[in-house]
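Participant: Contents of protein.txt (compact mmCIF, C-alpha atoms) are below:
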# COMPACT_ATOMS: atom_id res chain seq x y z
CA MET A 156 14.99 14.51 1.34
CA THR A 157 14.06 12.59 4.50
CA ASN A 158 10.45 13.06 3.49
CA LEU A 159 11.09 11.37 0.13
CA ILE A 160 12.92 8.45 1.75
CA ILE A 161 10.02 7.95 4.15
CA ILE A 162 7.53 7.94 1.24
CA LEU A 163 9.67 5.44 -0.67
CA LEU A 164 10.25 3.04 2.21
CA SER A 165 6.68 3.12 3.46
CA ALA A 166 5.39 2.46 -0.07
CA VAL A 167 7.65 -0.59 -0.31
CA PHE A 168 7.18 -2.09 3.16
CA ILE A 169 4.28 -0.68 5.17
CA ASN A 170 1.70 0.10 2.52
CA ASN A 171 2.83 -2.69 0.23
CA TYR A 172 0.39 -2.63 -2.69
CA VAL A 173 -0.17 -6.35 -2.80
CA LEU A 174 0.09 -7.41 0.81
CA ALA A 175 -1.48 -4.46 2.61
CA LYS A 176 -3.63 -2.62 0.08
CA PHE A 177 -4.84 -5.54 -2.04
CA LEU A 178 -4.06 -3.87 -5.34
CA GLY A 179 -2.74 -5.96 -8.21
CA ILE A 180 -3.86 -9.26 -6.73
CA CYS A 181 -4.71 -10.73 -10.16
CA PRO A 182 -1.14 -10.66 -11.53
CA PHE A 183 0.12 -11.56 -8.06
CA LEU A 184 -1.87 -14.81 -8.12
CA GLY A 185 -1.59 -15.42 -11.83
CA VAL A 186 1.97 -14.61 -12.79
CA SER A 187 3.99 -15.34 -9.64
CA LYS A 188 4.58 -18.98 -10.44
CA LYS A 189 7.95 -18.60 -12.13
CA LEU A 190 10.74 -16.23 -11.12
CA ASN A 191 11.35 -15.09 -14.72
CA SER A 192 7.80 -14.05 -15.43
CA ALA A 193 7.43 -12.53 -11.94
CA VAL A 194 10.45 -10.28 -12.57
CA GLY A 195 9.33 -9.42 -16.12
CA MET A 196 5.85 -8.48 -14.97
CA SER A 197 7.16 -6.40 -12.05
CA VAL A 198 9.64 -4.47 -14.19
CA ALA A 199 6.86 -3.70 -16.67
CA VAL A 200 4.60 -2.56 -13.82
CA ILE A 201 7.27 -0.25 -12.37
CA PHE A 202 7.89 1.19 -15.83
CA VAL A 203 4.21 1.83 -16.56
CA MET A 204 3.53 3.19 -13.06
CA LEU A 205 6.29 5.79 -13.47
CA MET A 206 5.16 6.74 -16.98
CA ALA A 207 1.50 6.91 -15.95
CA THR A 208 2.26 9.13 -12.96
CA ALA A 209 4.47 11.39 -15.06
CA VAL A 210 1.54 11.94 -17.43
CA THR A 211 -1.54 11.86 -15.17
CA TRP A 212 -0.18 14.18 -12.46
CA PRO A 213 0.23 17.15 -14.84
CA ILE A 214 -3.11 16.34 -16.47
CA GLN A 215 -4.90 16.48 -13.12
CA HIS A 216 -3.17 19.64 -11.89
CA PHE A 217 -2.92 21.68 -15.08
CA LEU A 218 -5.89 20.48 -17.10
CA LEU A 219 -8.66 19.02 -14.94
CA ASP A 220 -8.38 21.08 -11.75
CA PRO A 221 -8.24 24.58 -13.34
CA HIS A 222 -11.33 23.80 -15.40
CA ASP A 223 -13.31 22.14 -12.58
CA LEU A 224 -13.30 18.81 -14.35
CA GLY A 225 -12.12 16.74 -11.39
CA TYR A 226 -15.04 14.34 -11.81
CA LEU A 227 -13.60 13.16 -15.14
CA GLN A 228 -10.57 11.74 -13.31
CA THR A 229 -11.47 8.06 -13.63
CA ILE A 230 -12.32 8.17 -17.34
CA VAL A 231 -9.34 10.33 -18.29
CA PHE A 232 -6.83 8.32 -16.25
CA ILE A 233 -7.86 4.90 -17.57
CA LEU A 234 -7.82 6.20 -21.15
CA VAL A 235 -4.44 7.84 -20.70
CA ILE A 236 -2.99 4.67 -19.20
CA ALA A 237 -4.41 2.50 -21.99
CA ALA A 238 -3.11 4.84 -24.70
CA LEU A 239 0.24 5.18 -22.99
CA VAL A 240 0.76 1.44 -22.74
CA GLN A 241 0.02 1.06 -26.44
CA LEU A 242 2.38 3.90 -27.31
CA VAL A 243 5.18 2.54 -25.14
CA GLU A 244 4.78 -0.84 -26.77
CA ILE A 245 5.03 0.61 -30.28
CA VAL A 246 8.04 2.76 -29.42
CA LEU A 247 9.87 -0.09 -27.72
CA LYS A 248 9.16 -2.41 -30.61
CA ARG A 249 10.62 0.07 -33.08
CA TYR A 250 13.65 1.38 -31.21
CA ILE A 251 14.59 -1.02 -28.41
CA PRO A 252 13.58 -4.46 -29.70
CA ALA A 253 15.59 -6.28 -27.03
CA LEU A 254 13.64 -4.63 -24.21
CA HIS A 255 10.40 -5.15 -26.10
CA LYS A 256 11.17 -8.81 -26.34
CA SER A 257 11.51 -9.20 -22.59
CA LEU A 258 8.72 -6.85 -21.50
CA GLY A 259 6.47 -7.08 -24.54
CA VAL A 260 4.12 -9.82 -23.38
CA TYR A 261 3.46 -8.12 -20.08
CA LEU A 262 2.78 -4.60 -21.29
CA PRO A 263 -0.73 -4.95 -22.71
CA LEU A 264 -1.86 -6.77 -19.58
CA ILE A 265 -1.06 -3.84 -17.40
CA THR A 266 -3.79 -1.56 -18.75
CA THR A 267 -6.36 -3.23 -16.57
CA ASN A 268 -4.09 -3.77 -13.59
CA CYS A 269 -5.68 -2.02 -10.65
CA ALA A 270 -2.30 -1.23 -9.10
CA VAL A 271 -1.47 1.19 -11.93
CA LEU A 272 -4.80 3.05 -11.90
CA GLY A 273 -4.66 2.87 -8.10
CA VAL A 274 -1.27 4.54 -7.80
CA THR A 275 -2.22 7.41 -10.12
CA ILE A 276 -5.44 8.12 -8.21
CA LEU A 277 -3.77 7.81 -4.80
CA ASN A 278 -0.99 10.21 -5.84
CA ILE A 279 -3.67 12.82 -6.47
CA SER A 280 -5.78 12.13 -3.39
CA GLU A 281 -2.73 12.19 -1.10
CA ASN A 282 -1.86 15.67 -2.43
CA TYR A 283 1.68 14.70 -3.33
CA THR A 284 3.93 17.11 -5.22
CA PHE A 285 5.23 15.88 -8.58
CA ILE A 286 8.52 14.60 -7.11
CA GLU A 287 6.74 12.92 -4.20
CA ALA A 288 4.28 11.32 -6.60
CA MET A 289 7.09 9.89 -8.71
CA VAL A 290 8.89 8.55 -5.64
CA ASN A 291 5.66 7.02 -4.37
CA SER A 292 5.09 5.32 -7.73
CA LEU A 293 8.62 3.95 -7.72
CA GLY A 294 8.17 2.67 -4.17
CA SER A 295 4.82 1.08 -4.96
CA GLY A 296 6.30 -0.64 -8.00
CA LEU A 297 9.29 -1.89 -6.01
CA GLY A 298 6.92 -3.16 -3.31
CA PHE A 299 4.97 -5.03 -5.98
CA MET A 300 8.21 -6.51 -7.27
CA LEU A 301 9.30 -7.54 -3.77
CA ALA A 302 6.01 -9.35 -3.17
CA MET A 303 6.09 -11.04 -6.60
CA VAL A 304 9.70 -12.21 -6.31
CA MET A 305 9.29 -13.45 -2.75
CA PHE A 306 6.18 -15.27 -3.74
CA SER A 307 7.63 -17.03 -6.75
CA GLY A 308 10.05 -18.64 -4.29
CA VAL A 309 7.30 -19.59 -1.86
CA ARG A 310 5.20 -21.06 -4.64
CA SER A 311 7.92 -23.23 -6.11
CA THR A 312 8.44 -24.70 -2.64
CA ILE A 313 4.69 -25.26 -2.21
CA GLU A 314 4.53 -27.07 -5.58
CA GLY A 315 6.66 -29.90 -4.28
CA SER A 316 5.06 -30.33 -0.89
CA ASP A 317 2.27 -32.65 0.15
CA ILE A 318 -0.82 -30.59 0.90
CA PRO A 319 -4.51 -31.54 1.30
CA LYS A 320 -6.20 -31.92 -2.08
CA SER A 321 -8.78 -29.19 -1.63
CA PHE A 322 -6.05 -26.72 -0.66
CA LYS A 323 -3.98 -27.33 -3.79
CA GLY A 324 -3.39 -24.36 -6.04
CA LEU A 325 -5.01 -21.09 -5.11
CA PRO A 326 -6.13 -21.70 -1.48
CA ILE A 327 -2.67 -22.61 -0.19
CA THR A 328 -1.22 -19.65 -2.11
CA LEU A 329 -3.67 -17.31 -0.41
CA ILE A 330 -2.87 -18.76 3.01
CA ALA A 331 0.85 -18.33 2.34
CA ALA A 332 0.07 -14.75 1.31
CA ALA A 333 -1.73 -14.28 4.65
CA ILE A 334 1.40 -15.33 6.54
CA THR A 335 3.65 -13.11 4.40
CA SER A 336 1.28 -10.21 4.89
CA LEU A 337 1.38 -10.85 8.64
CA SER A 338 5.16 -10.57 8.65
CA PHE A 339 4.98 -7.31 6.66
CA MET A 340 2.79 -5.85 9.40
CA GLY A 341 5.89 -5.97 11.57
CA PHE A 342 7.36 -3.10 9.53
CA GLY A 343 4.59 -0.77 10.75
CA GLY A 344 6.01 2.06 12.83
CA VAL A 345 9.62 1.18 12.01
CA ILE A 346 10.07 3.68 9.21
CA GLU A 347 8.60 6.76 10.94
CA ASN A 348 11.01 6.19 13.82
CA LEU A 349 13.99 5.58 11.57
CA PHE A 350 14.77 9.29 11.27
CA ALA A 351 13.39 10.49 14.59
CA MET B 283 -36.05 -21.80 -18.22
CA LYS B 284 -32.97 -20.50 -19.99
CA THR B 285 -33.54 -17.10 -18.43
CA LEU B 286 -33.67 -18.68 -14.98
CA ASN B 287 -30.45 -20.56 -15.70
CA ASN B 288 -28.75 -17.35 -16.85
CA PHE B 289 -29.75 -15.78 -13.58
CA THR B 290 -28.84 -18.56 -11.15
CA LYS B 291 -25.54 -19.67 -12.69
CA GLY B 292 -23.76 -16.57 -11.42
CA ILE B 293 -24.98 -17.06 -7.88
CA ILE B 294 -23.66 -20.55 -7.12
CA LYS B 295 -22.42 -22.64 -10.01
CA GLU B 296 -20.22 -19.99 -11.62
CA ASN B 297 -19.88 -17.65 -8.68
CA PRO B 298 -17.47 -15.02 -9.99
CA VAL B 299 -15.52 -14.71 -6.74
CA LEU B 300 -15.43 -18.12 -5.11
CA VAL B 301 -15.46 -20.41 -8.14
CA LEU B 302 -13.94 -18.35 -10.94
CA VAL B 303 -11.71 -16.23 -8.67
CA LEU B 304 -12.23 -12.92 -10.47
CA GLY B 305 -12.39 -9.47 -8.94
CA THR B 306 -10.16 -10.49 -6.05
CA CYS B 307 -8.88 -6.99 -5.22
CA PRO B 308 -12.22 -5.47 -4.17
CA THR B 309 -13.24 -8.74 -2.52
CA LEU B 310 -10.25 -8.75 -0.21
CA ALA B 311 -10.19 -5.02 0.38
CA THR B 312 -13.82 -4.19 1.09
CA SER B 313 -14.88 -7.25 3.06
CA THR B 314 -13.71 -5.80 6.38
CA SER B 315 -17.28 -4.99 7.38
CA VAL B 316 -20.68 -6.16 6.19
CA ILE B 317 -21.88 -2.64 5.35
CA ASN B 318 -18.82 -1.99 3.17
CA ALA B 319 -19.22 -5.32 1.41
CA LEU B 320 -22.87 -4.68 0.62
CA GLY B 321 -22.06 -1.17 -0.61
CA MET B 322 -19.29 -2.46 -2.87
CA GLY B 323 -21.51 -5.30 -4.12
CA ALA B 324 -24.36 -2.92 -4.91
CA ALA B 325 -22.09 -0.43 -6.69
CA ALA B 326 -20.47 -3.13 -8.81
CA THR B 327 -23.85 -4.73 -9.60
CA ILE B 328 -25.29 -1.41 -10.80
CA VAL B 329 -22.27 -0.80 -13.04
CA LEU B 330 -22.39 -4.37 -14.36
CA PHE B 331 -26.14 -4.16 -15.02
CA PHE B 332 -25.95 -0.98 -17.07
CA SER B 333 -22.70 -1.88 -18.82
CA ASN B 334 -24.15 -5.22 -19.92
CA ILE B 335 -27.31 -3.54 -21.22
CA LEU B 336 -25.41 -0.79 -23.05
CA ILE B 337 -22.81 -3.10 -24.55
CA SER B 338 -25.46 -5.57 -25.63
CA ALA B 339 -27.46 -2.76 -27.24
CA LEU B 340 -24.38 -1.45 -29.04
CA ARG B 341 -22.92 -4.84 -29.97
CA LYS B 342 -23.65 -4.36 -33.67
CA VAL B 343 -22.33 -0.79 -33.74
CA ILE B 344 -18.99 -1.24 -31.98
CA PRO B 345 -16.28 -2.36 -34.44
CA ASP B 346 -14.62 -5.57 -33.37
CA LYS B 347 -11.06 -4.22 -33.41
CA VAL B 348 -11.62 -1.39 -30.95
CA ARG B 349 -14.17 -3.11 -28.77
CA ILE B 350 -12.07 -3.30 -25.59
CA PRO B 351 -11.32 0.47 -25.47
CA CYS B 352 -15.01 1.12 -26.20
CA TYR B 353 -16.06 -1.12 -23.32
CA ILE B 354 -13.56 0.54 -20.98
CA VAL B 355 -14.85 4.02 -21.80
CA LEU B 356 -18.47 2.93 -21.29
CA ILE B 357 -17.64 1.24 -17.99
CA ALA B 358 -15.54 4.20 -16.79
CA GLY B 359 -18.44 6.54 -17.55
CA LEU B 360 -20.85 4.38 -15.56
CA VAL B 361 -18.41 4.10 -12.66
CA THR B 362 -18.05 7.89 -12.58
CA ALA B 363 -21.84 8.25 -12.42
CA VAL B 364 -22.09 5.73 -9.57
CA GLN B 365 -19.20 7.43 -7.80
CA MET B 366 -21.00 10.79 -7.94
CA LEU B 367 -24.26 9.25 -6.68
CA VAL B 368 -22.50 7.56 -3.75
CA LYS B 369 -20.66 10.81 -2.91
CA ALA B 370 -23.96 12.69 -2.89
CA TYR B 371 -26.21 10.26 -1.02
CA ALA B 372 -23.89 8.02 1.02
CA PRO B 373 -20.78 10.04 1.88
CA ALA B 374 -19.88 7.66 4.73
CA LEU B 375 -19.74 4.74 2.29
CA ASP B 376 -17.66 6.81 -0.13
CA GLU B 377 -15.21 7.47 2.69
CA SER B 378 -14.84 3.81 3.65
CA LEU B 379 -14.66 2.42 0.09
CA GLY B 380 -12.18 5.13 -0.90
CA ILE B 381 -10.00 4.18 -3.83
CA TYR B 382 -11.82 0.91 -4.46
CA LEU B 383 -14.88 2.74 -5.79
CA PRO B 384 -13.15 4.19 -8.91
CA LEU B 385 -11.26 0.91 -9.25
CA ILE B 386 -14.51 -0.85 -10.24
CA VAL B 387 -13.42 0.22 -13.75
CA VAL B 388 -10.69 -2.42 -13.78
CA ASN B 389 -12.76 -5.13 -12.07
CA CYS B 390 -12.29 -8.24 -14.24
CA ILE B 391 -15.87 -9.38 -13.64
CA ILE B 392 -17.34 -6.42 -15.50
CA LEU B 393 -15.02 -6.47 -18.51
CA GLY B 394 -15.21 -10.27 -18.55
CA ARG B 395 -19.01 -10.29 -18.73
CA ALA B 396 -18.98 -7.60 -21.41
CA GLU B 397 -16.60 -9.62 -23.56
CA MET B 398 -18.02 -13.07 -22.92
CA PHE B 399 -21.74 -12.48 -22.64
CA ALA B 400 -23.09 -9.03 -23.43
CA SER B 401 -21.27 -8.74 -26.75
CA LYS B 402 -22.94 -11.93 -27.99
CA ASN B 403 -26.40 -11.93 -26.45
CA LYS B 404 -29.67 -10.01 -26.52
CA ILE B 405 -30.32 -7.09 -24.19
CA PHE B 406 -32.73 -8.92 -21.90
CA ASP B 407 -30.49 -11.96 -21.46
CA SER B 408 -27.50 -9.72 -20.77
CA ALA B 409 -29.42 -7.79 -18.11
CA VAL B 410 -30.46 -11.05 -16.41
CA ASP B 411 -26.89 -12.35 -16.58
CA ALA B 412 -25.58 -9.12 -15.04
CA LEU B 413 -28.07 -9.34 -12.17
CA GLY B 414 -27.11 -12.94 -11.46
CA MET B 415 -23.37 -12.27 -11.56
CA GLY B 416 -23.77 -9.10 -9.51
CA LEU B 417 -25.78 -10.96 -6.91
CA GLY B 418 -23.18 -13.73 -6.82
CA PHE B 419 -20.42 -11.15 -6.33
CA THR B 420 -22.41 -9.44 -3.55
CA LEU B 421 -23.20 -12.73 -1.82
CA ALA B 422 -19.57 -13.82 -1.82
CA LEU B 423 -18.52 -10.44 -0.43
CA PHE B 424 -21.28 -10.66 2.17
CA LEU B 425 -20.15 -14.14 3.24
CA MET B 426 -16.51 -13.07 3.60
CA ALA B 427 -17.41 -9.84 5.36
CA THR B 428 -19.68 -11.69 7.80
CA ILE B 429 -16.88 -14.05 8.81
CA ARG B 430 -14.33 -11.24 9.08
CA GLU B 431 -16.57 -8.82 10.95
CA VAL B 432 -18.06 -11.37 13.38
CA PHE B 433 -14.71 -12.80 14.41
CA GLY B 434 -12.53 -9.76 13.93
CA ASN B 435 -14.71 -7.08 15.45
CA GLY B 436 -17.36 -9.02 17.38
CA THR B 437 -20.13 -7.21 15.52
CA PHE B 438 -22.55 -7.88 12.68
CA CYS B 439 -23.62 -4.83 10.67
CA GLY B 440 -22.49 -2.77 13.66
CA LEU B 441 -24.60 -4.75 16.19
CA GLU B 442 -22.55 -6.19 19.02
CA ILE B 443 -22.48 -9.94 19.53
CA PRO B 444 -22.31 -10.81 23.27
CA VAL B 445 -19.34 -13.14 23.79
CA LEU B 446 -17.37 -12.43 20.62
CA SER B 447 -17.13 -8.68 21.12
CA ASP B 448 -15.08 -9.29 24.27
CA ASN B 449 -12.80 -11.73 22.48
CA LYS B 450 -11.92 -10.06 19.20
CA ILE B 451 -9.46 -11.65 16.81
CA SER B 452 -8.62 -8.30 15.30
CA ILE B 453 -6.20 -9.78 12.75
CA MET B 454 -9.29 -10.96 10.83
CA THR B 455 -10.25 -7.42 9.82
CA MET B 456 -6.66 -6.61 8.81
CA ALA B 457 -4.94 -7.56 5.57
CA PRO B 458 -3.71 -11.06 6.58
CA GLY B 459 -7.22 -12.05 7.71
CA GLY B 460 -8.55 -11.21 4.25
CA PHE B 461 -6.12 -13.59 2.53
CA LEU B 462 -6.73 -16.28 5.14
CA VAL B 463 -10.56 -16.22 5.00
CA PHE B 464 -10.51 -16.08 1.19
CA GLY B 465 -8.13 -19.04 1.00
CA LEU B 466 -10.24 -21.10 3.40
CA LEU B 467 -13.46 -20.27 1.54
CA ILE B 468 -12.01 -21.33 -1.81
CA ALA B 469 -10.71 -24.53 -0.22
CA ALA B 470 -14.23 -25.19 1.13
CA VAL B 471 -15.73 -24.60 -2.33
CA ASN B 472 -13.14 -26.99 -3.84
CA LYS B 473 -14.02 -29.60 -1.23
CA PHE B 474 -17.81 -29.43 -1.40
CA GLY B 475 -18.48 -28.01 -4.86
CA LYS B 476 -19.31 -30.75 -7.33
CA HIS B 477 -19.52 -28.76 -10.51
CA LYS B 478 -16.33 -27.52 -12.11
CA PRO B 479 -17.11 -24.86 -14.72
CA LYS B 480 -14.76 -24.43 -17.61
CA LYS B 481 -13.06 -21.09 -17.34
CA SER B 482 -12.86 -20.73 -21.08
CA GLU B 483 -16.66 -20.37 -21.03
CA PHE B 484 -16.43 -17.50 -18.65
CA GLY B 485 -14.25 -14.46 -18.34
CA CYS B 486 -10.72 -15.63 -18.85
CA ALA B 487 -10.71 -14.93 -22.56
CA GLY B 488 -11.92 -11.45 -21.67
CA CYS B 489 -9.14 -11.01 -19.16
CA PRO B 490 -6.09 -9.46 -20.77
CA GLN B 491 -3.95 -11.57 -18.47
CA ALA B 492 -5.27 -14.88 -19.79
CA GLU B 493 -2.27 -15.63 -21.93
CA ILE B 494 0.35 -15.77 -19.25
CA CYS B 495 -1.88 -16.36 -16.27
CA SER B 496 -1.45 -19.72 -14.59
CA LYS B 497 -4.84 -19.96 -12.88
CA ALA B 498 -6.45 -23.30 -13.60
CA GLY B 499 -8.73 -22.51 -16.53
CA CYS B 500 -6.61 -19.88 -18.19
CA ALA B 501 -4.32 -22.48 -19.69
CA ASP B 502 -7.35 -23.83 -21.62
CA VAL B 503 -7.87 -20.43 -23.17
CA LYS B 504 -4.24 -20.31 -24.18
CA GLU B 505 -4.42 -23.72 -25.80
CA ALA B 506 -7.62 -22.79 -27.60
CA ALA B 507 -5.96 -19.63 -28.87
CA GLU B 508 -2.96 -21.60 -30.07
CA ASN B 509 -5.14 -24.09 -31.89
CA ASP B 510 -7.02 -21.39 -33.78
Would it be possible to restate this file's structure as structure tokens?

Facilitator:
Amino acid sequence: MTNLIIILLSAVFINNYVLAKFLGICPFLGVSKKLNSAVGMSVAVIFVMLMATAVTWPIQHFLLDPHDLGYLQTIVFILVIAALVQLVEIVLKRYIPALHKSLGVYLPLITTNCAVLGVTILNISENYTFIEAMVNSLGSGLGFMLAMVMFSGVRSTIEGSDIPKSFKGLPITLIAAAITSLSFMGFGGVIENLFA
Amino acid sequence: MKTLNNFTKGIIKENPVLVLVLGTCPTLATSTSVINALGMGAAATIVLFFSNILISALRKVIPDKVRIPCYIVLIAGLVTAVQMLVKAYAPALDESLGIYLPLIVVNCIILGRAEMFASKNKIFDSAVDALGMGLGFTLALFLMATIREVFGNGTFCGLEIPVLSDNKISIMTMAPGGFLVFGLLIAAVNKFGKHKPKKSEFGCAGCPQAEICSKAGCADVKEAAEND
């Protein structure tokens, strides 16, 4: 149990996907402007990360590994994720229209989000068990959400402030991200010692 | 002349990283050292080169409705091939690039070029375009990695630089340094770059995020889509 908590907390704070591992930077820069869309995008990412892990982990361990097909990992995973996203969208549209309405726009975008492919590959390369992999995916998704939500606040403050012209827009956002990332480095070492 | 223009536009005028801000994940992650940056640039250029050629050659065969999945499968196949080559001949590079090597599959630059250029142009033009864009990507990575490695580690390609190696600013090679250097470089490009390319001409329409993305040019794509 302690093990799982450590995996969860370190995925959220220490190895934050956006601020420490640079995965999912595109949606981070593109969609973090408004709180609503930041939350919508993050919830969709968490959802797809969990689904993708639940499907790709068994595929790797029961299909690819026993038949020595490990080298097909990249192709199989990206195809599975793309198909899965489409399927989820269709199912949601048919049975839970309310949820589809709030997540719908974000779902198709996630296929080519490197955070999703990244988490599925990392779960395999870190040799996690199925439960650990799911917890890691949840933590990574929550970490993504934390970064997105924090940033939508930072950005709305930046909008109103007087900054040099050439820094407007993306550059100042990146510099703010640098400072946020710096503060996240402070979490390093905290979580291992939490249960010691 | 047109060929030359196709080649050079990716290097400076429409540099995929610094001007169009695509492929940010690998740029930030692999620019910690010059060797890594060059390795990443070369790997992505090879994939881009072959994917552009293949997609251009197959542009009349691939049905319009399923083109994106087709492109993704082609690109994933090429990435797997490159991954196996790197594992076999440069295991050290494979170790240091780690997860970012398979993640070339979801690099917006490659899918963007497939959608915006290769699917509409002849094989030769597409190949030239891929080389230009690949070179632009590599140069931007090289520039960022040089700054980060020289200041953060006091070395250049592993060679020690006299004064700087005693006064390392090690934060530069860590995550915050990546964001900082990238932000400053884009600000410099905004300040000194005269030409502003329209994003709608480039990859944003190819990027699945275009519709809700708030990066400068993406809004144009959205408007264009609404007007259609």

Participant: As a list in words, please: the residues near Leu330 (chain B) (cut-off 10 Å, only C-alpha atoms, same-chain neighbours under 2 positions excluded).

Facilitator: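 My reading of the contact set: Ala324, Ala325, Ala326, Thr327, Ile328, Phe332, Ser333, Asn334, Ile335, Leu336, Ile357, Leu360, Val361, Ile386, Asn389, Ile391, Ile392, Leu393, Arg395, Ala396, Ser408, Ala409, Asp411, Ala412, Leu413, Met415 and Gly416 of chain B.
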
Participant: If we count all atoms listed in the file, what is near Ser187 (chain A) at a cut-off of 9 Å, once residues fewer than 3 positions away on the same chain are taken out, given as an MDAnalysis selection string?

Facilitator: (chainID A and resid 182:184 190:194 196 303:308 310) or (chainID B and resid 495:496)

Participant: Any idea what the distance is between CA of Tyr353 (chain B) and CA of Ile337 (chain B)?

Facilitator: 7.1 Å

Participant: Using only C-alpha atoms, find the one residue out of B:Asn297, B:Ser378, B:Thr306, B:Ser452 that sits nearest to chain A.

Facilitator: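 The closest residue to chain A is B:Thr306.
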
Participant: Would you kindly return, as number ranges by chain, each protein, DNA or RNA residue with an atom no farther than 10 Å from any atom of Ala302 (chain A), considering only C-alpha atoms and excluding same-chain residues fewer than 3 positions away?

Facilitator: A: 167-168, 171-174, 183, 187, 193, 197, 296-299, 305-307, 332, 335-336

Participant: List every residue of chain A that has an atom at most 6 Å from any atom of chain B, and for each one report the closest atom pair and its distance in Å to one decimal, counting only C-alpha atoms, with rows sorted by chain and then by increasing residue number, as a tab-separated table.

Facilitator:
residue	atom	partner	partner_atom	distance
A:Ala175	CA	B:Ala457	CA	5.5
A:Phe177	CA	B:Cys307	CA	5.3
A:Leu178	CA	B:Cys307	CA	5.7
A:Ile180	CA	B:Cys307	CA	5.7
A:Gly185	CA	B:Cys495	CA	4.5
A:Val186	CA	B:Cys495	CA	5.5
A:Ile230	CA	B:Ala358	CA	5.1
A:Leu264	CA	B:Pro490	CA	5.2
A:Thr267	CA	B:Val388	CA	5.2
A:Cys269	CA	B:Val388	CA	5.9
A:Ser321	CA	B:Ala469	CA	5.2
A:Phe322	CA	B:Ala469	CA	5.2
A:Pro326	CA	B:Gly465	CA	4.2
A:Leu329	CA	B:Gly465	CA	5.0
A:Ile330	CA	B:Leu462	CA	5.1
A:Ala333	CA	B:Pro458	CA	4.2
A:Ser336	CA	B:Pro458	CA	5.3
A:Leu337	CA	B:Pro458	CA	5.5

Participant: Hey, can you check how far CA of Leu272 (chain A) sits from CA of Phe285 (chain A)?

Facilitator: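 Result for CA of Leu272 (chain A) versus CA of Phe285 (chain A): 16.6 Å, one decimal.
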
Participant: Figure out the distance between CA of Leu205 (chain A) and CA of Asn291 (chain A), please, to one decimal in Å.

Facilitator: 9.2 Å

Participant: Could you work out an axis-aligned box for region 347-356 of chain B, taking every atom the file lists and adding 5 Å on each side, and report centre and edge lengths in Å to one decimal, as lines of an AutoDock Vina configuration file?

Facilitator:
center_x = -14.8
center_y = -0.1
center_z = -27.2
size_x = 17.4
size_y = 18.2
size_z = 22.4

Participant: When you look at Gly225 (chain A) with a cut-off of 12 Å (counting only C-alpha atoms), what residues show up, excluding the ones that are within fewer than 6 positions of it in the same chain? I need them as a ChimeraX atom specification.

Facilitator: /A:214-219,231-232,276,279-280 /B:362,366

Participant: Give the answer as one residue: which of A:Ser295, A:Ser338, A:Gln228, A:Asn282 has the shortest atom-to-atom distance to Ala270 (chain A), using only C-alpha atoms?

Facilitator: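 Closest candidate: A:Ser295.
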
Participant: Give me, as a ChimeraX atom specification, all polymer residues having an atom no more than 8 Å from Val271 (chain A), counting all atoms listed in the file and skipping those fewer than 2 positions away in the same chain.

Facilitator: /A:200,203-204,207,265-266,268-269,273-275

Participant: Choose the residue, out of B:Gly434, B:Ser401, B:Val410, B:Ile451, that has the smallest atom-to-atom separation from Lys342 (chain B); count all atoms listed in the file.

Facilitator: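 Ranking B:Gly434, B:Ser401, B:Val410, B:Ile451 by distance to Lys342 (chain B), first place goes to B:Ser401.
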
Participant: Where atoms are absent from region 373-381 of chain B, fill them in so it carries N, CA and C atoms, then output it as a PDB file, in the frame of the given file.

Facilitator:
ATOM      1  N   PRO B 373     -22.170   9.602   1.740  1.00  0.00           N
ATOM      2  CA  PRO B 373     -20.780  10.040   1.880  1.00  0.00           C
ATOM      3  C   PRO B 373     -19.955   9.149   2.803  1.00  0.00           C
ATOM      4  N   ALA B 374     -20.618   8.530   3.806  1.00  0.00           N
ATOM      5  CA  ALA B 374     -19.880   7.660   4.730  1.00  0.00           C
ATOM      6  C   ALA B 374     -19.332   6.445   3.975  1.00  0.00           C
ATOM      7  N   LEU B 375     -20.161   5.903   3.079  1.00  0.00           N
ATOM      8  CA  LEU B 375     -19.740   4.740   2.290  1.00  0.00           C
ATOM      9  C   LEU B 375     -18.604   5.123   1.355  1.00  0.00           C
ATOM     10  N   ASP B 376     -18.713   6.317   0.763  1.00  0.00           N
ATOM     11  CA  ASP B 376     -17.660   6.810  -0.130  1.00  0.00           C
ATOM     12  C   ASP B 376     -16.333   6.876   0.610  1.00  0.00           C
ATOM     13  N   GLU B 377     -16.408   7.351   1.854  1.00  0.00           N
ATOM     14  CA  GLU B 377     -15.210   7.470   2.690  1.00  0.00           C
ATOM     15  C   GLU B 377     -14.586   6.096   2.929  1.00  0.00           C
ATOM     16  N   SER B 378     -15.425   5.096   3.263  1.00  0.00           N
ATOM     17  CA  SER B 378     -14.840   3.810   3.650  1.00  0.00           C
ATOM     18  C   SER B 378     -14.434   2.978   2.427  1.00  0.00           C
ATOM     19  N   LEU B 379     -15.091   3.170   1.285  1.00  0.00           N
ATOM     20  CA  LEU B 379     -14.660   2.420   0.090  1.00  0.00           C
ATOM     21  C   LEU B 379     -13.434   3.070  -0.550  1.00  0.00           C
ATOM     22  N   GLY B 380     -13.359   4.396  -0.437  1.00  0.00           N
ATOM     23  CA  GLY B 380     -12.180   5.130  -0.900  1.00  0.00           C
ATOM     24  C   GLY B 380     -11.800   4.812  -2.329  1.00  0.00           C
ATOM     25  N   ILE B 381     -10.549   4.412  -2.495  1.00  0.00           N
ATOM     26  CA  ILE B 381     -10.000   4.180  -3.830  1.00  0.00           C
ATOM     27  C   ILE B 381     -10.671   3.026  -4.554  1.00  0.00           C
TER      28      ILE B 381
END
